[in-house]
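Here is the structure we will look at, set down as structure tokens.
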Amino acid sequence: MNPKLFFAFKQRRTLNGALVHDNPFAPWTVEDLYPGFDDWDMNLAGYREIPWEEEIEEWLLSLDGSYWPLQFLIEQCCHDGELLDLALRETRMSQFPIEAAMACEEAISRVPLDYSDELFFMIYWSVRIERARRRGHPGKPDGQADG
């Protein structure tokens, strides 16, 4: 599904134009939900530190191929790059559609165990780095802070 059409698809309206339900992903934008990572974001978040293995690549590709914004949801399930325990994840996911939370938990359960900490760390920080870059708040790539 085209991410740009995501909100239009989810926001049903009555005959008089009123929303049937609010956007379950508010106040985030489509760009927040489907971040556009570049090599800089991924490498800064630790992608080069993880060895190349087919299992890791397949898991990362499965995140991109999902109907739900799994990278964003995994970022929401972490704090400073560490995966929260199940009770805290349930609390954070309670505002989202149950299908999205279930897809996120399935992705979390399928992470390659030998590299789970590194992968959650990388996803958390790459999402946050991309968001900061897009919103105009990152440091410059050469290490110089904006000033």
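Residue numbering restarts at 1 for every chain of the structure tokens, chains are lettered A, B, ... in their displayed order, and ligands are numbered from 1 as they appear.
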Practice item. Using only C-alpha atoms, determine which residues lie at most 7 Å from range 88-104 of chain A, disregarding the query and same-chain residues fewer than 2 positions distant; provide the list as a ChimeraX atom specification. Key: /A:24-25,68,70,73-74,76-77,84-86,106-108
Check your understanding: Can you tell me, as a count of residues only, what residues are no more than 12 Å from Glu75 in chain A when counting only C-alpha atoms, ignoring any on the same chain fewer than 4 positions away?
Key -> 31
Check your understanding: Which is closest to Ile50 in chain A among A:Asp114, A:Asp64, A:Glu31, A:Asp38, if we use only C-alpha atoms?
Key -> A:Asp114
Exercise for review: Would you mind reading off the distance between CA of Val111 in chain A and CA of Ile56 in chain A, one decimal, in Å?
Suggested key: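 If I compute the distance from CA of Val111 in chain A to CA of Ile56 in chain A, I get 7.8 Å.
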Point to revise | DSSP-assigned helix (DSSP H, G or I) members of range 48-129 of chain A, reported as a ChimeraX atom specification | key: /A:48-49,54-64,70-76,86-93,98-109,113-129
Practice item. Could you check how far CA of Glu105 in chain A sits from CA of Glu53 in chain A, in Å to one decimal? Key: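 Taking CA of Glu105 in chain A and CA of Glu53 in chain A, their separation equals 22.3 Å.
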**Study point:** Point-to-point distance in Å for CA of Asn43 in chain A and CA of Asp117 in chain A
**Key:**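 CA of Asn43 in chain A lies 16.0 Å from CA of Asp117 in chain A.
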For Glu55 in chain A: contacts at 12 Å, only C-alpha atoms, fewer than 6 positions along chain excluded, given as an mmCIF file with N, CA and C atoms, in the first residue's frame:
```cif
data_model
loop_
_atom_site.group_PDB
_atom_site.id
_atom_site.type_symbol
_atom_site.label_atom_id
_atom_site.label_comp_id
_atom_site.auth_asym_id
_atom_site.auth_seq_id
_atom_site.Cartn_x
_atom_site.Cartn_y
_atom_site.Cartn_z
ATOM 1 N N LEU A 61 14.307 -6.526 5.785
ATOM 2 C CA LEU A 61 13.438 -6.407 4.613
ATOM 3 C C LEU A 61 11.983 -6.684 4.970
ATOM 4 N N SER A 62 11.740 -7.594 5.916
ATOM 5 C CA SER A 62 10.362 -7.881 6.324
ATOM 6 C C SER A 62 9.721 -6.664 6.990
ATOM 7 N N ARG A 110 10.402 -12.264 15.910
ATOM 8 C CA ARG A 110 11.173 -12.880 14.822
ATOM 9 C C ARG A 110 12.569 -12.300 14.659
ATOM 10 N N VAL A 111 12.962 -11.360 15.504
ATOM 11 C CA VAL A 111 14.291 -10.754 15.369
ATOM 12 C C VAL A 111 15.361 -11.828 15.583
ATOM 13 N N PRO A 112 16.434 -11.806 14.787
ATOM 14 C CA PRO A 112 17.526 -12.756 15.022
ATOM 15 C C PRO A 112 18.097 -12.565 16.433
ATOM 16 N N LEU A 113 17.975 -13.575 17.265
ATOM 17 C CA LEU A 113 18.286 -13.451 18.693
ATOM 18 C C LEU A 113 19.718 -13.033 18.981
ATOM 19 N N ASP A 114 20.670 -13.505 18.189
ATOM 20 C CA ASP A 114 22.069 -13.177 18.456
ATOM 21 C C ASP A 114 22.353 -11.686 18.311
ATOM 22 N N TYR A 115 21.519 -10.971 17.568
ATOM 23 C CA TYR A 115 21.753 -9.550 17.306
ATOM 24 C C TYR A 115 20.558 -8.682 17.674
ATOM 25 N N SER A 116 19.670 -9.188 18.513
ATOM 26 C CA SER A 116 18.443 -8.453 18.821
ATOM 27 C C SER A 116 18.729 -7.099 19.457
ATOM 28 N N LEU A 119 20.030 -4.719 16.787
ATOM 29 C CA LEU A 119 19.023 -4.357 15.798
ATOM 30 C C LEU A 119 17.981 -3.399 16.369
#
```
